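Asker: File name query.cif; file contents mmCIF, N, CA and C atoms; full text below.
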```cif
data_data
loop_
_atom_site.label_atom_id
_atom_site.label_comp_id
_atom_site.auth_asym_id
_atom_site.auth_seq_id
_atom_site.Cartn_x
_atom_site.Cartn_y
_atom_site.Cartn_z
N VAL A 7 103.91 141.18 91.13
CA VAL A 7 103.45 142.31 91.92
C VAL A 7 103.70 143.60 91.14
N PHE A 8 104.87 143.68 90.49
CA PHE A 8 105.21 144.88 89.74
C PHE A 8 104.23 145.11 88.60
N CYS A 9 103.92 144.08 87.83
CA CYS A 9 102.99 144.22 86.69
C CYS A 9 101.58 144.57 87.18
N ALA A 10 101.15 143.94 88.25
CA ALA A 10 99.83 144.25 88.80
C ALA A 10 99.77 145.69 89.28
N ALA A 11 100.85 146.15 89.89
CA ALA A 11 100.89 147.53 90.38
C ALA A 11 100.89 148.52 89.22
N MET A 12 101.65 148.24 88.16
CA MET A 12 101.67 149.13 87.01
C MET A 12 100.31 149.17 86.31
N THR A 13 99.65 148.03 86.23
CA THR A 13 98.32 147.98 85.63
C THR A 13 97.31 148.75 86.46
N SER A 14 97.34 148.56 87.76
CA SER A 14 96.40 149.30 88.61
C SER A 14 96.72 150.80 88.58
N GLY A 15 97.99 151.16 88.49
CA GLY A 15 98.36 152.57 88.36
C GLY A 15 97.85 153.15 87.05
N LEU A 16 97.89 152.36 85.98
CA LEU A 16 97.37 152.81 84.68
C LEU A 16 95.87 153.02 84.74
N LEU A 17 95.15 152.07 85.31
CA LEU A 17 93.70 152.21 85.43
C LEU A 17 93.33 153.39 86.32
N TYR A 18 94.06 153.57 87.40
CA TYR A 18 93.84 154.70 88.30
C TYR A 18 94.06 156.01 87.54
N SER A 19 95.14 156.08 86.78
CA SER A 19 95.45 157.30 86.03
C SER A 19 94.40 157.60 84.98
N ILE A 20 93.96 156.59 84.26
CA ILE A 20 92.93 156.79 83.23
C ILE A 20 91.64 157.29 83.85
N ALA A 21 91.28 156.74 85.00
CA ALA A 21 90.02 157.12 85.64
C ALA A 21 90.06 158.50 86.27
N THR A 22 91.21 158.90 86.82
CA THR A 22 91.25 160.14 87.57
C THR A 22 91.84 161.33 86.82
N MET A 23 92.47 161.09 85.67
CA MET A 23 93.10 162.20 84.95
C MET A 23 92.11 163.30 84.55
N PRO A 24 90.90 163.00 84.07
CA PRO A 24 89.97 164.10 83.76
C PRO A 24 89.62 164.93 85.00
N LEU A 25 89.50 164.29 86.14
CA LEU A 25 89.21 165.02 87.37
C LEU A 25 90.40 165.88 87.78
N GLU A 26 91.59 165.35 87.64
CA GLU A 26 92.80 166.10 87.96
C GLU A 26 92.97 167.28 87.00
N GLY A 27 92.71 167.04 85.71
CA GLY A 27 92.80 168.11 84.72
C GLY A 27 91.78 169.22 85.00
N ALA A 28 90.57 168.83 85.37
CA ALA A 28 89.53 169.82 85.71
C ALA A 28 89.94 170.61 86.95
N LYS A 29 90.47 169.93 87.94
CA LYS A 29 90.92 170.60 89.17
C LYS A 29 92.00 171.63 88.86
N ASN A 30 92.95 171.23 88.02
CA ASN A 30 94.04 172.15 87.68
C ASN A 30 93.53 173.36 86.89
N ARG A 31 92.59 173.13 85.97
CA ARG A 31 92.02 174.25 85.22
C ARG A 31 91.25 175.18 86.13
N MET A 32 90.51 174.63 87.06
CA MET A 32 89.76 175.48 87.98
C MET A 32 90.69 176.27 88.89
N ALA A 33 91.79 175.66 89.30
CA ALA A 33 92.73 176.34 90.19
C ALA A 33 93.46 177.48 89.49
N SER A 34 93.67 177.37 88.18
CA SER A 34 94.44 178.38 87.48
C SER A 34 93.59 179.31 86.61
N GLN A 35 92.27 179.24 86.76
CA GLN A 35 91.41 180.07 85.93
C GLN A 35 91.48 181.54 86.32
N LYS A 36 91.25 182.37 85.33
CA LYS A 36 91.24 183.81 85.54
C LYS A 36 89.89 184.35 85.07
N PRO A 37 89.39 185.39 85.70
CA PRO A 37 88.10 185.96 85.28
C PRO A 37 88.16 186.48 83.84
N GLY A 38 87.04 186.35 83.15
CA GLY A 38 86.93 186.88 81.80
C GLY A 38 86.71 188.39 81.84
N PRO A 39 86.49 188.99 80.67
CA PRO A 39 86.27 190.44 80.61
C PRO A 39 85.05 190.91 81.42
N ASP A 40 84.08 190.02 81.57
CA ASP A 40 82.89 190.37 82.33
C ASP A 40 83.07 190.14 83.84
N GLY A 41 84.24 189.64 84.24
CA GLY A 41 84.52 189.42 85.65
C GLY A 41 84.11 188.05 86.16
N LYS A 42 83.49 187.23 85.30
CA LYS A 42 83.05 185.90 85.72
C LYS A 42 84.14 184.86 85.45
N LEU A 43 84.21 183.88 86.33
CA LEU A 43 85.13 182.77 86.13
C LEU A 43 84.52 181.80 85.12
N PRO A 44 85.34 181.24 84.23
CA PRO A 44 84.78 180.34 83.21
C PRO A 44 84.30 178.99 83.76
N TYR A 45 84.88 178.53 84.86
CA TYR A 45 84.53 177.22 85.40
C TYR A 45 83.92 177.37 86.79
N LYS A 46 82.82 176.65 87.02
CA LYS A 46 82.13 176.75 88.30
C LYS A 46 82.24 175.48 89.14
N GLY A 47 82.40 174.35 88.49
CA GLY A 47 82.48 173.08 89.20
C GLY A 47 83.20 172.04 88.35
N THR A 48 83.50 170.91 88.95
CA THR A 48 84.27 169.87 88.27
C THR A 48 83.56 169.34 87.04
N LEU A 49 82.30 168.94 87.19
CA LEU A 49 81.58 168.37 86.05
C LEU A 49 81.35 169.41 84.97
N GLN A 50 81.06 170.65 85.37
CA GLN A 50 80.87 171.72 84.39
C GLN A 50 82.18 171.97 83.64
N THR A 51 83.31 171.91 84.33
CA THR A 51 84.61 172.10 83.69
C THR A 51 84.87 170.99 82.69
N ILE A 52 84.60 169.75 83.06
CA ILE A 52 84.80 168.62 82.15
C ILE A 52 83.92 168.78 80.92
N GLN A 53 82.67 169.16 81.11
CA GLN A 53 81.76 169.36 79.97
C GLN A 53 82.25 170.48 79.06
N THR A 54 82.63 171.61 79.64
CA THR A 54 83.06 172.76 78.85
C THR A 54 84.32 172.43 78.06
N VAL A 55 85.30 171.83 78.70
CA VAL A 55 86.54 171.47 78.01
C VAL A 55 86.26 170.44 76.93
N GLY A 56 85.40 169.48 77.23
CA GLY A 56 85.04 168.47 76.24
C GLY A 56 84.39 169.07 75.00
N LYS A 57 83.53 170.05 75.19
CA LYS A 57 82.86 170.70 74.05
C LYS A 57 83.81 171.60 73.27
N GLN A 58 84.64 172.37 73.99
CA GLN A 58 85.49 173.37 73.33
C GLN A 58 86.77 172.78 72.76
N GLU A 59 87.40 171.86 73.47
CA GLU A 59 88.71 171.37 73.07
C GLU A 59 88.74 169.88 72.76
N GLY A 60 87.67 169.19 73.04
CA GLY A 60 87.64 167.74 72.87
C GLY A 60 87.97 167.05 74.18
N PHE A 61 87.38 165.89 74.37
CA PHE A 61 87.53 165.17 75.64
C PHE A 61 88.99 164.83 75.93
N LEU A 62 89.77 164.53 74.89
CA LEU A 62 91.17 164.14 75.12
C LEU A 62 92.02 165.28 75.66
N ALA A 63 91.53 166.52 75.58
CA ALA A 63 92.27 167.65 76.16
C ALA A 63 92.39 167.48 77.67
N LEU A 64 91.48 166.75 78.27
CA LEU A 64 91.56 166.50 79.72
C LEU A 64 92.68 165.53 80.07
N TYR A 65 93.25 164.87 79.07
CA TYR A 65 94.34 163.94 79.29
C TYR A 65 95.70 164.53 78.94
N ASN A 66 95.78 165.86 78.73
CA ASN A 66 97.08 166.49 78.50
C ASN A 66 97.95 166.28 79.73
N GLY A 67 99.19 165.87 79.49
CA GLY A 67 100.11 165.59 80.60
C GLY A 67 99.91 164.22 81.21
N PHE A 68 99.35 163.29 80.44
CA PHE A 68 99.05 161.97 80.99
C PHE A 68 100.31 161.20 81.39
N LEU A 69 101.34 161.21 80.56
CA LEU A 69 102.54 160.42 80.88
C LEU A 69 103.20 160.83 82.19
N PRO A 70 103.42 162.12 82.45
CA PRO A 70 103.97 162.46 83.77
C PRO A 70 103.03 162.08 84.92
N TYR A 71 101.73 162.23 84.69
CA TYR A 71 100.76 161.86 85.71
C TYR A 71 100.80 160.36 85.98
N TYR A 72 100.88 159.57 84.91
CA TYR A 72 100.98 158.12 85.06
C TYR A 72 102.29 157.73 85.73
N ALA A 73 103.38 158.41 85.39
CA ALA A 73 104.66 158.10 86.03
C ALA A 73 104.58 158.35 87.53
N ARG A 74 103.90 159.42 87.90
CA ARG A 74 103.76 159.74 89.33
C ARG A 74 102.86 158.72 90.01
N CYS A 75 101.67 158.50 89.45
CA CYS A 75 100.71 157.58 90.08
C CYS A 75 101.19 156.13 90.00
N GLY A 76 101.73 155.75 88.83
CA GLY A 76 102.23 154.38 88.67
C GLY A 76 103.39 154.11 89.60
N GLY A 77 104.30 155.09 89.71
CA GLY A 77 105.45 154.92 90.61
C GLY A 77 105.02 154.79 92.06
N HIS A 78 104.05 155.60 92.45
CA HIS A 78 103.53 155.51 93.82
C HIS A 78 102.87 154.16 94.06
N THR A 79 102.08 153.72 93.11
CA THR A 79 101.36 152.45 93.25
C THR A 79 102.34 151.29 93.30
N VAL A 80 103.36 151.30 92.43
CA VAL A 80 104.35 150.22 92.44
C VAL A 80 105.07 150.18 93.77
N SER A 81 105.53 151.33 94.25
CA SER A 81 106.26 151.31 95.52
C SER A 81 105.37 150.84 96.66
N MET A 82 104.11 151.25 96.65
CA MET A 82 103.19 150.82 97.71
C MET A 82 102.97 149.30 97.65
N PHE A 83 102.69 148.77 96.46
CA PHE A 83 102.44 147.33 96.33
C PHE A 83 103.67 146.52 96.70
N VAL A 84 104.85 146.95 96.26
CA VAL A 84 106.08 146.20 96.55
C VAL A 84 106.37 146.23 98.05
N ILE A 85 106.22 147.38 98.67
CA ILE A 85 106.47 147.47 100.12
C ILE A 85 105.49 146.60 100.89
N VAL A 86 104.22 146.61 100.51
CA VAL A 86 103.23 145.77 101.18
C VAL A 86 103.58 144.30 100.99
N GLN A 87 104.03 143.91 99.79
CA GLN A 87 104.40 142.52 99.55
C GLN A 87 105.61 142.12 100.38
N VAL A 88 106.60 142.99 100.49
CA VAL A 88 107.78 142.69 101.31
C VAL A 88 107.38 142.55 102.77
N MET A 89 106.52 143.44 103.24
CA MET A 89 106.06 143.35 104.63
C MET A 89 105.27 142.07 104.86
N ARG A 90 104.42 141.70 103.90
CA ARG A 90 103.63 140.47 104.02
C ARG A 90 104.55 139.25 104.07
N ASP A 91 105.56 139.21 103.18
CA ASP A 91 106.50 138.08 103.17
C ASP A 91 107.27 138.02 104.48
N PHE A 92 107.71 139.15 104.99
CA PHE A 92 108.45 139.19 106.25
C PHE A 92 107.58 138.68 107.39
N TYR A 93 106.33 139.14 107.41
CA TYR A 93 105.40 138.71 108.48
C TYR A 93 105.17 137.19 108.41
N GLN A 94 104.94 136.68 107.19
CA GLN A 94 104.68 135.23 107.06
C GLN A 94 105.89 134.39 107.46
N LYS A 95 107.09 134.88 107.16
CA LYS A 95 108.29 134.13 107.54
C LYS A 95 108.52 134.18 109.04
N SER A 96 108.15 135.27 109.69
CA SER A 96 108.41 135.38 111.12
C SER A 96 107.33 134.72 111.97
N HIS A 97 106.20 134.39 111.36
CA HIS A 97 105.15 133.73 112.14
C HIS A 97 104.89 132.39 111.60
#
```
Output the structure of this file as structure tokens.
Answerer:
Amino acid sequence: VFCAAMTSGLLYSIATMPLEGAKNRMASQKPGPDGKLPYKGTLQTIQTVGKQEGFLALYNGFLPYYARCGGHTVSMFVIVQVMRDFYQKSH
């Protein structure tokens, strides 16, 4: 259960980290000299960062993100397994 949870947490983190990175950039953006915000939407942010800094820039901070998501996933899977085992033994 632990290995399956860590693997699913890894896949979850790989899939959602660019979206999380784009969200964080959009939340902390500041207007340029012309008064316009550099990012308008999630996909536009991903494209802009990918062109200017490279796609892997969206994965900055991956290890802490994986530790958070992986830890949550492991605890959820283990708790569900314990509850399932308890239920099966009591019925």
Asker: Box for region 44-58 of chain A - axis-aligned, 5 Å on each of the six sides, all listed atoms - centre and size in Å to one decimal, as lines of an AutoDock Vina configuration file.
Answerer:
```
center_x = 83.8
center_y = 174.8
center_z = 81.0
size_x = 15.9
size_y = 22.9
size_z = 26.4
```
Asker: How many Å lie between CA of Val84 (chain A) and CA of Gly15 (chain A), rounded to one decimal?
Answerer: 12.9 Å
Asker: Show which residues sit within 8 Å of Phe68 (chain A), as a PyMOL selection string. Count all atoms listed in the file, and ignore same-chain residues fewer than 4 positions away.
Answerer: chain A and resi 19+23+64+72-74
Asker: Using CA of Val86 (chain A) and atom C of Tyr71 (chain A) as the two end points, give the distance in Å to one decimal.
Answerer: 21.2 Å
Asker: As an exercise, work out the distance from CA of Thr22 (chain A) to atom N of Phe61 (chain A) in Å and give it to one decimal place.
Answerer: 14.9 Å
Asker: Here is a test: counting only N, CA and C atoms, which residue of A:Cys75, A:Thr54, A:Lys95, A:Val88 is nearest to Ser14 (chain A)?
Answerer: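 So, comparing all the options, the nearest one is A:Cys75.
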Asker: Report the residues retrieved by the PyMOL selection byres ((chain A and resi 25-27) around 8) from the displayed file, expressed as a list in words.
Answerer: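 That expression, the PyMOL selection byres ((chain A and resi 25-27) around 8), corresponds here to Ile20, Ala21, Thr22, Met23, Pro24, Ala28, Lys29, Asn30, Arg31, Met32, Ala33, Thr48, Leu49, Thr51, Ile52, Ala63, Leu64, Tyr65 and Asn66 of chain A.
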